[in-house]
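Enquirer: Would you mind keeping the following structure in view while I ask a few things?
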Amino acid sequence: MKRLDLIISERELDAVLKAIDAAGSPGYTVMKHVTGKGPHGSVSEAMDFSGLGANAHVIVFCQPEVLDRLRQGIQPLLGYYGGVAYVSDAEPL
Amino acid sequence: MKRLDLIISERELDAVLKAIDAAGSPGYTVMKHVTGKGPHGSVSEAMDFSGLGANAHVIVFCQPEVLDRLRQGIQPLLGYYGGVAYVSDAEPL
Amino acid sequence: MKRLDLIISERELDAVLKAIDAAGSPGYTVMKHVTGKGPHGSVSEAMDFSGLGANAHVIVFCQPEVLDRLRQGIQPLLGYYGGVAYVSDAEPL
Amino acid sequence: MDTSLVLQNLLTPPVLFFFLGVIAVLVRSDLEIPAPLPKLFSLYLLLAIGFKGGLELQHSGISGPVLPTIAAAVGMSLAVPLVSFAVLRLKLDGFNAAAIAATYGSISAVTFITAESFLDTQKLPHDGFMVAALALMESPAIIVGLLLVKLASTQQRPDNGRMRWGAVLHEAMLNGSVYLLVGSLLIGYLSAANSPLSVEKMLPFTDKLFYGSLSFFLLDMGIVAAQRLADLRRAGAFLIGFSVFMPLFNAVLGALIARGLGLGPGNALLFVVLCASASYIAVPAAMRMTVPEANPSYYISTALGLTFPFNIIVGIPLYMALVNKLVAPAG
Amino acid sequence: MDTSLVLQNLLTPPVLFFFLGVIAVLVRSDLEIPAPLPKLFSLYLLLAIGFKGGLELQHSGISGPVLPTIAAAVGMSLAVPLVSFAVLRLKLDGFNAAAIAATYGSISAVTFITAESFLDTQKLPHDGFMVAALALMESPAIIVGLLLVKLASTQQRPDNGRMRWGAVLHEAMLNGSVYLLVGSLLIGYLSAANSPLSVEKMLPFTDKLFYGSLSFFLLDMGIVAAQRLADLRRAGAFLIGFSVFMPLFNAVLGALIARGLGLGPGNALLFVVLCASASYIAVPAAMRMTVPEANPSYYISTALGLTFPFNIIVGIPLYMALVNKLVAPAG
Amino acid sequence: MDTSLVLQNLLTPPVLFFFLGVIAVLVRSDLEIPAPLPKLFSLYLLLAIGFKGGLELQHSGISGPVLPTIAAAVGMSLAVPLVSFAVLRLKLDGFNAAAIAATYGSISAVTFITAESFLDTQKLPHDGFMVAALALMESPAIIVGLLLVKLASTQQRPDNGRMRWGAVLHEAMLNGSVYLLVGSLLIGYLSAANSPLSVEKMLPFTDKLFYGSLSFFLLDMGIVAAQRLADLRRAGAFLIGFSVFMPLFNAVLGALIARGLGLGPGNALLFVVLCASASYIAVPAAMRMTVPEANPSYYISTALGLTFPFNIIVGIPLYMALVNKLVAPAG
Ligand SMILES: Nc1ncnc2c1ncn2[C@@H]1O[C@H](COP(=O)(O)O)[C@@H](O)[C@H]1O
Ligand SMILES: Nc1ncnc2c1ncn2[C@@H]1O[C@H](COP(=O)(O)O)[C@@H](O)[C@H]1O
Ligand SMILES: Nc1ncnc2c1ncn2[C@@H]1O[C@H](COP(=O)(O)O)[C@@H](O)[C@H]1O
Ligand code: NA
Ligand code: NA
Ligand code: NA
């Protein structure tokens, strides 16, 4: 099986989760309040009071074929809003 | 070496950590306040005030033989309460 | 590409991030409020009010050559202050 | 008269902020009170209600209707789950029926607090020992619920179906919210006897801030309840009906007992509210741990998605009218 | 006289705590107010300012200068982005210019609140309807900003450049902070009419704690603003100049309009502050979603890193002097 | 007389809530005050105690016993670590001995605050300059601790054993809690002189809420201290003895100095409490960074697991009796 790690802005989280559901993923896990740095600059929690939002880290464990559908749904979002997505191998315990 | 990712309810965290210790793991890392969706439905932080709890994400880096013992301690908990567990390869930096 | 997972004390986070930047990494992701157990004992959020700090989990996706430079900057910090660092393979989605 | 009471209740800040939270969900505003801020208010309210109850208990003493009322309250928290279980078994399996039954035998502290605020705006007196009744109704309902699980479960359970009663009793008696409420009650009781000056210094925190903090917390409760309401729709007509009629039935029962106990209208309303409200804090937490076979979206959504809003918005004034009719015709 | 007003403003706890936050960053103290605690204070301040505005609106009634003032405020929130855009286009692309323009058309609730506190220490009266003006200035600025994006963008945008106006309007009108402010205003208005006793019980929370909570929150705002100031230095002289001169220009415009409306000195100052302040809550959140092409560090750093401190520290007393000169020479 | 003071102290809400927290851990209740809520209370208490101290300092002026008392306090924060180090080296290596020594040279703000509350319930006056003494005792102890590390360490340290004194001084002087305390003190001092009206508006926040917030925070401190107590048991009899006898020794020393300074009973008690308390906020944070060779569970568990509860529960009334005997026989 495959493991997908997504790091995106909390503001885009709903759209990403919708895409994950649409791809037929068996589930997902979300960690909010994530900060970091990438091509688009630094993201901190300092403006948390503003609704501006930090990042979210989403993990999906799924079959390779789900991954193909995920790629289609998520690539456009990452392209427009930024964020990273990496895939590795993972086996059920 | 191996990397184990567990995602379980915060309510079962103590039992899981006890099982990890019992398996002789050299350590573990815990992230709480994790949300997600799986076969048993959605988990959010909305009822946080109630002691109902969100999910926790537990990471264990260990030798393959520890993993075997972990499997025995953790599988029954996952079977009864739900949650997911995936293994991948990892090497010390 | 490679994926580096670092788990260190929040108190050393600034030094670690500086080392990551210095190694020319394209970015990083940070999760704070992480707890756990390792060779140096347990780390909880119980003393959060004290500035003592819990752990932080840092993820870096990068090319293997960046990893070599990261190793040099980060190993001394881990040696002196404690913490763990593991590497796995990861491919862009 | 009913409708005027409903309106008087409706147009107070706590209820209006509750609505504001509900509407935020309906119109999909991104208004959010992030964790653990709701926990701050929830801990504060338990601490404050307990402390104030302890003070009043010290002043009034443990006499007259105190012990009979508390005994009756505990009795109701044992009886309501049994009746509820019988009703719920018509449509649900044993696990779900038992978990929901336990929920309705227990109480909602926020509903109780809102009823107290309602009484205050109606200038009707009420007593501190009702807080003791509140505190003592959580645990018995949990235990009855788990006994029902044990009796009803034909299915294989782990540890060969043996209940770990130690863990169960622990969960029932030492749940954080029960513990804080009882502890604060004792602290209020002891402080009032020994250090009136220190009580004086607590009051700006426990007393003056109370109403505003309740309103803030109800904003969050409105958000959470509205999110749950969607779940409930999926759960079907039977559970929706149960969420409204069971409280009404328990309220009538409660009002009759309150009359038997000779309670004044204030205490009688609180007694009725205890009977009619359902737990969405201690009981779901205990059920999640001890009856994982039951579907949380059933027992949380009934208690929180419908019974709670019903009680907050129309229940309290309705029960007041009931009390005025049944218990204290002159009140 | 200006300098005495500046000093009077400077040596009050809210402004001093703001400085304490700024200095913490400059000397690299590890003082930190971790999330979501700032959110608690920000929600509280919106709730309290809205509630108090609603009470006052109920007492004063909706008459006299109320509607013209609100109309003028909304007009300014439409006009300021247009002027700002024209200025910003001299140096910036359409996306960034539009996002910053929207920011300056909108308002800063904390600046407004600090100005109210300043008026209170000056014992100058002001009215609740100004809070309604505050609440109604967020959304129009967002919409104008997005219209400007649409007009100015030659670049390819997703969905073939079609704006999803539903989403945009939703973001503009139902943003959490706008929603809470308007909702609390309505709740204050309704409660004051129907349940004076319940209003009485809210006041220790919404009124007595207000000044201290503002001070605490400004400590955090000082930290955040100082962190942003570093970004702004990188953004260059043009934006730095804009962050100071645009508010001054808008303030003069606002003062003239306030005179035209016949506002008293208290309301006039608030009107000027609304015109001169820039949003760092609702608008950046909306821009981040709908104009990802714009660089957030531009529109946040101008509004928060420079305009906000400028207004808090010297702007408010300066505008007071302006109002004293232009609007109410006898005041 | 001692026991009556102990009882009077014991039966106040702050101490009772501390016990409630301790017992929660002992009976394994799941009561929890999740991060960052304790931080909110800790920041609030530092802000409030600093602000109030500043007000009082402004009113009393900097004269009479102010400077000698502050000098003596700083002197004690230099001397206590030296004595403690000599004792601790009997059993511990240089790193651990130095870290614990620094901890005991510094102070516990919450112990100080609880002592002030105790004085208030005893109606004994005390002065704002004692807060200045409190604020100035954190940094010197850290610096002495690090000097001791340097002198005692034969072991190889990174950077070839060269201390980064810049980092160390930074940690010692600009630690968030020291910074907030000193800053709030200055703000109180400045506001009181320049804007009495604004001080008036701060008081409901800084003054009225103080006692209740302290009680809430002590509930959490009880939980944390009890968790630490288990660690301490593992640390062995020597450190357990040290955690009780060192404070007693320092208290007697402090009482003698207080007599020398001619302090009244209120200020004398606070002086003694400063000497007898140990830091579990600023110093551990600094030691964690600069002396990673020392075991945190030693220096935190002694200060927090035993010395803190000892002082809160029996220390304060005991020291009061000591002061009554030694310092102010007529008081
Ligand atoms: N190379 C990387 N390794 C780990 N996280 C990254 C990396 N690049 C970007 N990120 C994360 O993705 C977020 C969004 O990236 P971006 O919007 O592309 O700058 C950043 O704030 C980081 O949290
Ligand atoms: N396929 C998956 N990928 C990532 N996380 C998952 C997946 N399935 C379940 N989870 C996580 O595990 C939690 C418990 O799952 P369950 O109780 O089996 O529904 C969920 O709430 C998710 O956070
Ligand atoms: N084997 C392990 N697996 C996962 N996390 C670990 C492991 N060992 C240590 N850690 C994490 O790294 C932190 C620092 O470890 P240390 O300071 O070496 O005890 C611990 O608190 C854990 O969060
Ligand atoms: Na009930
Ligand atoms: Na404006
Ligand atoms: Na000391």
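We label chains A, B, ... in the order they appear in the structure tokens, count residues from 1 in each chain, and number ligands from 1 in the order shown.
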Find the residues near Gly24 in chain A: any atom within 9 Å, counting only C-alpha atoms, skip ones fewer than 2 places away on the same chain, and give them as number ranges by chain.

Expert: A: 19-22, 26-27, 66, 69-70

Enquirer: How would the residues just chosen look if you wrote them out with C-alpha atoms as an mmCIF file, in the first residue's frame?

Expert:
```cif
data_model
loop_
_atom_site.group_PDB
_atom_site.id
_atom_site.type_symbol
_atom_site.label_atom_id
_atom_site.label_comp_id
_atom_site.auth_asym_id
_atom_site.auth_seq_id
_atom_site.Cartn_x
_atom_site.Cartn_y
_atom_site.Cartn_z
ATOM 1 C CA ALA A 19 -10.866 15.668 -3.128
ATOM 2 C CA ILE A 20 -9.632 12.814 -0.923
ATOM 3 C CA ASP A 21 -13.177 11.614 -0.318
ATOM 4 C CA ALA A 22 -13.948 11.942 -4.009
ATOM 5 C CA PRO A 26 -10.659 4.623 2.845
ATOM 6 C CA GLY A 27 -9.785 7.400 5.282
ATOM 7 C CA VAL A 66 -6.614 5.443 -5.224
ATOM 8 C CA ARG A 69 -7.231 9.395 -8.615
ATOM 9 C CA LEU A 70 -5.902 11.481 -5.704
#
```

Enquirer: Write out as a VMD selection string each polymer residue (protein, DNA or RNA) that has an atom no more than 8 Å from ligand 1, with only C-alpha atoms and all ligand atoms counted.

Expert: (chain A and resid 6 to 9 34 to 43 55 78 81 to 84) or (chain C and resid 3 25 to 30 59 to 62)

Enquirer: Should the cut-off be 8 Å, what would the residue list for chain F against chain D look like, counting only C-alpha atoms, as a ChimeraX atom specification?

Expert: /F:8,11-13,16-17,20,24,27-37,121,208-209,211-213

Enquirer: Would you output that residue set with N, CA, C and O atoms, as a compact mmCIF listing (two decimals), in the first residue's frame?

Expert:
```txt
# COMPACT_ATOMS: atom_id res chain seq x y z
N GLN F 8 -5.78 27.77 59.02
CA GLN F 8 -6.35 28.93 58.33
C GLN F 8 -5.88 29.00 56.89
O GLN F 8 -6.61 29.42 55.99
N LEU F 11 -7.51 25.93 54.67
CA LEU F 11 -8.92 25.92 54.30
C LEU F 11 -9.31 27.13 53.47
O LEU F 11 -10.43 27.63 53.57
N THR F 12 -8.38 27.62 52.65
CA THR F 12 -8.74 28.68 51.70
C THR F 12 -8.79 28.06 50.31
O THR F 12 -8.12 27.06 50.03
N PRO F 13 -9.59 28.66 49.42
CA PRO F 13 -9.74 28.06 48.09
C PRO F 13 -8.42 27.78 47.36
O PRO F 13 -8.29 26.69 46.78
N LEU F 16 -6.94 24.64 48.83
CA LEU F 16 -7.83 23.50 48.63
C LEU F 16 -7.86 23.07 47.16
O LEU F 16 -7.89 21.87 46.87
N PHE F 17 -7.83 24.01 46.25
CA PHE F 17 -7.79 23.61 44.83
C PHE F 17 -6.46 22.95 44.49
O PHE F 17 -6.41 22.04 43.66
N LEU F 20 -6.95 19.55 45.51
CA LEU F 20 -7.85 18.86 44.57
C LEU F 20 -7.06 18.33 43.38
O LEU F 20 -7.29 17.21 42.90
N ALA F 24 -6.42 14.43 42.45
CA ALA F 24 -6.82 13.95 41.13
C ALA F 24 -5.78 12.98 40.58
O ALA F 24 -6.12 11.96 39.96
N VAL F 27 -5.75 9.58 42.78
CA VAL F 27 -6.85 8.64 42.51
C VAL F 27 -6.99 8.36 41.02
O VAL F 27 -7.92 7.70 40.58
N ARG F 28 -6.07 8.89 40.22
CA ARG F 28 -6.07 8.70 38.77
C ARG F 28 -7.36 9.15 38.09
O ARG F 28 -7.86 8.49 37.19
N SER F 29 -7.90 10.29 38.53
CA SER F 29 -8.98 10.92 37.77
C SER F 29 -8.40 11.41 36.45
O SER F 29 -7.21 11.72 36.36
N ASP F 30 -9.23 11.48 35.41
CA ASP F 30 -8.71 11.99 34.14
C ASP F 30 -8.87 13.51 34.04
O ASP F 30 -8.82 14.06 32.94
N LEU F 31 -9.06 14.18 35.17
CA LEU F 31 -9.13 15.65 35.17
C LEU F 31 -7.84 16.20 34.59
O LEU F 31 -6.74 15.83 35.01
N GLU F 32 -7.97 17.10 33.65
CA GLU F 32 -6.80 17.61 32.94
C GLU F 32 -7.08 19.04 32.53
O GLU F 32 -8.20 19.36 32.13
N ILE F 33 -6.08 19.90 32.65
CA ILE F 33 -6.22 21.27 32.14
C ILE F 33 -5.26 21.36 30.98
O ILE F 33 -4.06 21.58 31.15
N PRO F 34 -5.78 21.17 29.76
CA PRO F 34 -4.86 20.98 28.63
C PRO F 34 -4.09 22.24 28.28
O PRO F 34 -4.58 23.36 28.46
N ALA F 35 -2.86 22.04 27.78
CA ALA F 35 -2.07 23.15 27.26
C ALA F 35 -2.83 23.79 26.12
O ALA F 35 -3.50 23.10 25.37
N PRO F 36 -2.73 25.11 25.93
CA PRO F 36 -1.97 26.08 26.70
C PRO F 36 -2.78 26.81 27.75
O PRO F 36 -2.46 27.95 28.06
N LEU F 37 -3.82 26.19 28.31
CA LEU F 37 -4.62 26.92 29.31
C LEU F 37 -3.81 27.28 30.54
O LEU F 37 -3.94 28.41 31.05
N THR F 121 -5.75 37.67 53.66
CA THR F 121 -6.77 37.09 54.53
C THR F 121 -6.42 37.31 56.00
O THR F 121 -7.29 37.25 56.87
N LYS F 208 -9.59 42.09 40.72
CA LYS F 208 -10.77 41.34 41.16
C LYS F 208 -10.68 39.87 40.77
O LYS F 208 -11.10 38.99 41.51
N LEU F 209 -10.14 39.60 39.59
CA LEU F 209 -10.08 38.22 39.12
C LEU F 209 -8.93 37.43 39.72
O LEU F 209 -8.83 36.22 39.52
N TYR F 211 -7.68 36.41 42.65
CA TYR F 211 -7.75 35.31 43.62
C TYR F 211 -8.36 34.06 42.99
O TYR F 211 -7.86 32.94 43.19
N GLY F 212 -9.40 34.25 42.22
CA GLY F 212 -10.03 33.11 41.55
C GLY F 212 -9.10 32.47 40.53
O GLY F 212 -9.01 31.24 40.43
N SER F 213 -8.40 33.31 39.78
CA SER F 213 -7.48 32.77 38.77
C SER F 213 -6.34 32.02 39.44
O SER F 213 -5.89 30.98 38.94
```

Enquirer: Which residues are near Leu219 in chain D? Cut-off 9 Å, only C-alpha atoms, ignore same chain within fewer than 3 positions. Put them as a PyMOL selection string.

Expert: chain D and resi 14-22+33+214-216+222-224

Enquirer: Fewer than 4 positions away in the same chain doesn't count, so skip those; otherwise give me all residues within 10 Å of Ala15 in chain B, counting only C-alpha atoms, as a ChimeraX atom specification.

Expert: /B:10-11,19-20,73-74,77

Enquirer: Residues as selected, C-alpha atoms, written as a PDB file, in the first residue's frame, can you do that?

Expert:
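Contents of result-v2.pdb, freshly written:
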```
ATOM      1  CA  GLU B  10      -6.858   9.598  22.399  1.00  0.00           C
ATOM      2  CA  ARG B  11      -8.994   7.579  24.791  1.00  0.00           C
ATOM      3  CA  ALA B  19       1.766  -2.004  24.906  1.00  0.00           C
ATOM      4  CA  ILE B  20       4.628  -0.154  23.205  1.00  0.00           C
ATOM      5  CA  GLY B  73       0.171  -6.143  21.783  1.00  0.00           C
ATOM      6  CA  ILE B  74      -1.484  -3.645  19.491  1.00  0.00           C
ATOM      7  CA  LEU B  77      -6.635  -2.976  20.646  1.00  0.00           C
TER       8      LEU B  77
END
```

Enquirer: Could you please tell me, as a PDB file with C-alpha atoms, in the first residue's frame, which residues of chain D have an atom within 6 Å of chain B when using only C-alpha atoms?

Expert:
```pdb
ATOM      1  CA  PRO D  38     -14.303  25.422  25.046  1.00  0.00           C
ATOM      2  CA  LYS D  39     -12.617  23.250  27.656  1.00  0.00           C
ATOM      3  CA  ILE D 281     -19.874  14.941  28.718  1.00  0.00           C
ATOM      4  CA  ALA D 285     -16.812   9.580  27.486  1.00  0.00           C
TER       5      ALA D 285
END
```

Enquirer: Give me, as CSV, the closest atom pair and its distance (Å, one decimal) for every residue of chain E within a cut-off of 10 Å of ligand 5, counting only C-alpha atoms and all ligand atoms, rows sorted by chain and rising number.

Expert:
```
residue,atom,partner,partner_atom_place_in_ligand_line,distance
E:Ala73,CA,ligand 5,1 (Na),9.2
E:Met76,CA,ligand 5,1 (Na),7.7
E:Ser77,CA,ligand 5,1 (Na),6.5
E:Leu78,CA,ligand 5,1 (Na),9.7
E:Ala79,CA,ligand 5,1 (Na),9.9
E:Val80,CA,ligand 5,1 (Na),7.1
E:Pro81,CA,ligand 5,1 (Na),8.7
E:Ala101,CA,ligand 5,1 (Na),9.5
E:Ala102,CA,ligand 5,1 (Na),8.8
E:Thr103,CA,ligand 5,1 (Na),7.4
E:Tyr104,CA,ligand 5,1 (Na),4.7
E:Gly105,CA,ligand 5,1 (Na),4.3
E:Ser106,CA,ligand 5,1 (Na),4.5
E:Ile107,CA,ligand 5,1 (Na),4.5
E:Ser108,CA,ligand 5,1 (Na),7.4
E:Leu134,CA,ligand 5,1 (Na),9.6
E:Met137,CA,ligand 5,1 (Na),7.9
E:Glu138,CA,ligand 5,1 (Na),8.8
E:Ala141,CA,ligand 5,1 (Na),8.7
E:Met246,CA,ligand 5,1 (Na),9.5
E:Pro247,CA,ligand 5,1 (Na),7.6
E:Asn250,CA,ligand 5,1 (Na),7.5
E:Ala251,CA,ligand 5,1 (Na),9.0
E:Gly254,CA,ligand 5,1 (Na),9.7
E:Phe271,CA,ligand 5,1 (Na),9.6
E:Val272,CA,ligand 5,1 (Na),8.7
E:Val273,CA,ligand 5,1 (Na),7.5
E:Leu274,CA,ligand 5,1 (Na),5.2
E:Cys275,CA,ligand 5,1 (Na),3.9
E:Ala276,CA,ligand 5,1 (Na),4.8
E:Ser277,CA,ligand 5,1 (Na),4.3
E:Ala278,CA,ligand 5,1 (Na),4.7
E:Ser279,CA,ligand 5,1 (Na),7.2
E:Ala303,CA,ligand 5,1 (Na),9.9
```

Enquirer: Do a neighbour search on Ala230 in chain F at 12 Å with only C-alpha atoms, toss out local chain neighbours closer than 6 positions, and write the hits as a list in words.

Expert: Val22, Val25, Leu26, Ile223, Val224, Gly236, Ile240, Ser297, Tyr298, Ile300, Ser301, Thr302, Leu304, Gly305 and Leu306 of chain F

Enquirer: What would the file look like if the residues just selected were written as an mmCIF file, in the first residue's frame with N, CA and C atoms?

Expert:
```cif
data_model
loop_
_atom_site.group_PDB
_atom_site.id
_atom_site.type_symbol
_atom_site.label_atom_id
_atom_site.label_comp_id
_atom_site.auth_asym_id
_atom_site.auth_seq_id
_atom_site.Cartn_x
_atom_site.Cartn_y
_atom_site.Cartn_z
ATOM 1 N N VAL F 22 -3.778 17.622 43.396
ATOM 2 C CA VAL F 22 -2.910 16.542 43.869
ATOM 3 C C VAL F 22 -3.700 15.235 43.956
ATOM 4 N N VAL F 25 -4.509 13.298 40.788
ATOM 5 C CA VAL F 25 -3.451 12.414 40.294
ATOM 6 C C VAL F 25 -3.399 11.131 41.123
ATOM 7 N N LEU F 26 -3.538 11.288 42.430
ATOM 8 C CA LEU F 26 -3.428 10.115 43.299
ATOM 9 C C LEU F 26 -4.534 9.103 43.016
ATOM 10 N N ILE F 223 -1.901 19.201 40.076
ATOM 11 C CA ILE F 223 -1.768 18.043 39.189
ATOM 12 C C ILE F 223 -0.308 17.846 38.793
ATOM 13 N N VAL F 224 0.324 18.914 38.370
ATOM 14 C CA VAL F 224 1.703 18.813 37.886
ATOM 15 C C VAL F 224 2.656 18.431 39.025
ATOM 16 N N GLY F 236 15.495 9.664 45.368
ATOM 17 C CA GLY F 236 16.148 9.212 46.596
ATOM 18 C C GLY F 236 16.035 10.151 47.782
ATOM 19 N N ILE F 240 15.107 14.348 48.608
ATOM 20 C CA ILE F 240 13.854 14.602 49.336
ATOM 21 C C ILE F 240 14.138 15.436 50.576
ATOM 22 N N SER F 297 14.754 15.962 35.630
ATOM 23 C CA SER F 297 13.812 15.431 36.610
ATOM 24 C C SER F 297 14.343 15.663 38.024
ATOM 25 N N TYR F 298 15.640 15.924 38.183
ATOM 26 C CA TYR F 298 16.138 16.283 39.517
ATOM 27 C C TYR F 298 15.746 17.705 39.895
ATOM 28 N N ILE F 300 13.684 19.851 38.506
ATOM 29 C CA ILE F 300 12.256 20.209 38.488
ATOM 30 C C ILE F 300 11.504 19.513 39.622
ATOM 31 N N SER F 301 11.842 18.265 39.871
ATOM 32 C CA SER F 301 11.064 17.528 40.867
ATOM 33 C C SER F 301 11.306 18.020 42.281
ATOM 34 N N THR F 302 12.526 18.421 42.577
ATOM 35 C CA THR F 302 12.752 18.973 43.917
ATOM 36 C C THR F 302 11.959 20.262 44.089
ATOM 37 N N LEU F 304 9.457 21.578 42.287
ATOM 38 C CA LEU F 304 8.027 21.573 42.013
ATOM 39 C C LEU F 304 7.303 20.443 42.743
ATOM 40 N N GLY F 305 7.954 19.315 42.873
ATOM 41 C CA GLY F 305 7.278 18.160 43.449
ATOM 42 C C GLY F 305 7.209 18.206 44.962
ATOM 43 N N LEU F 306 8.159 18.862 45.596
ATOM 44 C CA LEU F 306 8.135 18.856 47.056
ATOM 45 C C LEU F 306 8.231 20.256 47.667
#
```

Enquirer: What is the CA of Gly145 in chain F to CA of Ala99 in chain F distance in Å?

Expert: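 These two atoms are separated by 6.0 Å.
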
Enquirer: Have a look at CA of Leu218 in chain F and CA of Ile23 in chain F and let me know their distance in Å, one decimal.

Expert: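 That distance, rounded to one decimal, is 12.6 Å.
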
Enquirer: When DSSP works through the backbone of this structure, what residues of range 48-132 of chain E end up as alpha helix (DSSP H), shown as a ChimeraX atom specification?

Expert: /E:48-60,66-88,94-105,109-121,129-132

Enquirer: Chain A: which residues are strand (DSSP E or B) by DSSP, as a ChimeraX atom specification?

Expert: /A:2-9,28-38,41-43,55-62,84-89,91-92

Enquirer: From the set C:Gln72, C:Ser88, C:Ser44, C:Gln63, which residue has the shortest atom-to-atom contact distance to chain A, counting only C-alpha atoms?

Expert: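 Going through C:Gln72, C:Ser88, C:Ser44, C:Gln63 one by one, the smallest distance to chain A is for C:Ser88.
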
Enquirer: Between CA of Ala72 in chain F and CA of Leu326 in chain F, what distance in Å does the model show, to one decimal?

Expert: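 We find that CA of Ala72 in chain F and CA of Leu326 in chain F lie 17.6 Å from each other.
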
Enquirer: Select, from F:Leu148, F:Ala167, F:Val74, F:Ile316, the residue with the minimum atom-to-atom distance to ligand 6, counting only C-alpha atoms and all ligand atoms.

Expert: F:Val74

Enquirer: For ligand 3, which residue among C:Leu4, C:Leu17, C:Ala85, C:Leu67 is the nearest when counting only C-alpha atoms and all ligand atoms?

Expert: C:Ala85

Enquirer: Ranking B:Asp68, B:Asp14, B:Leu93, B:Gly79 by minimum distance to chain A and counting only C-alpha atoms, which one comes first?

Expert: B:Asp68
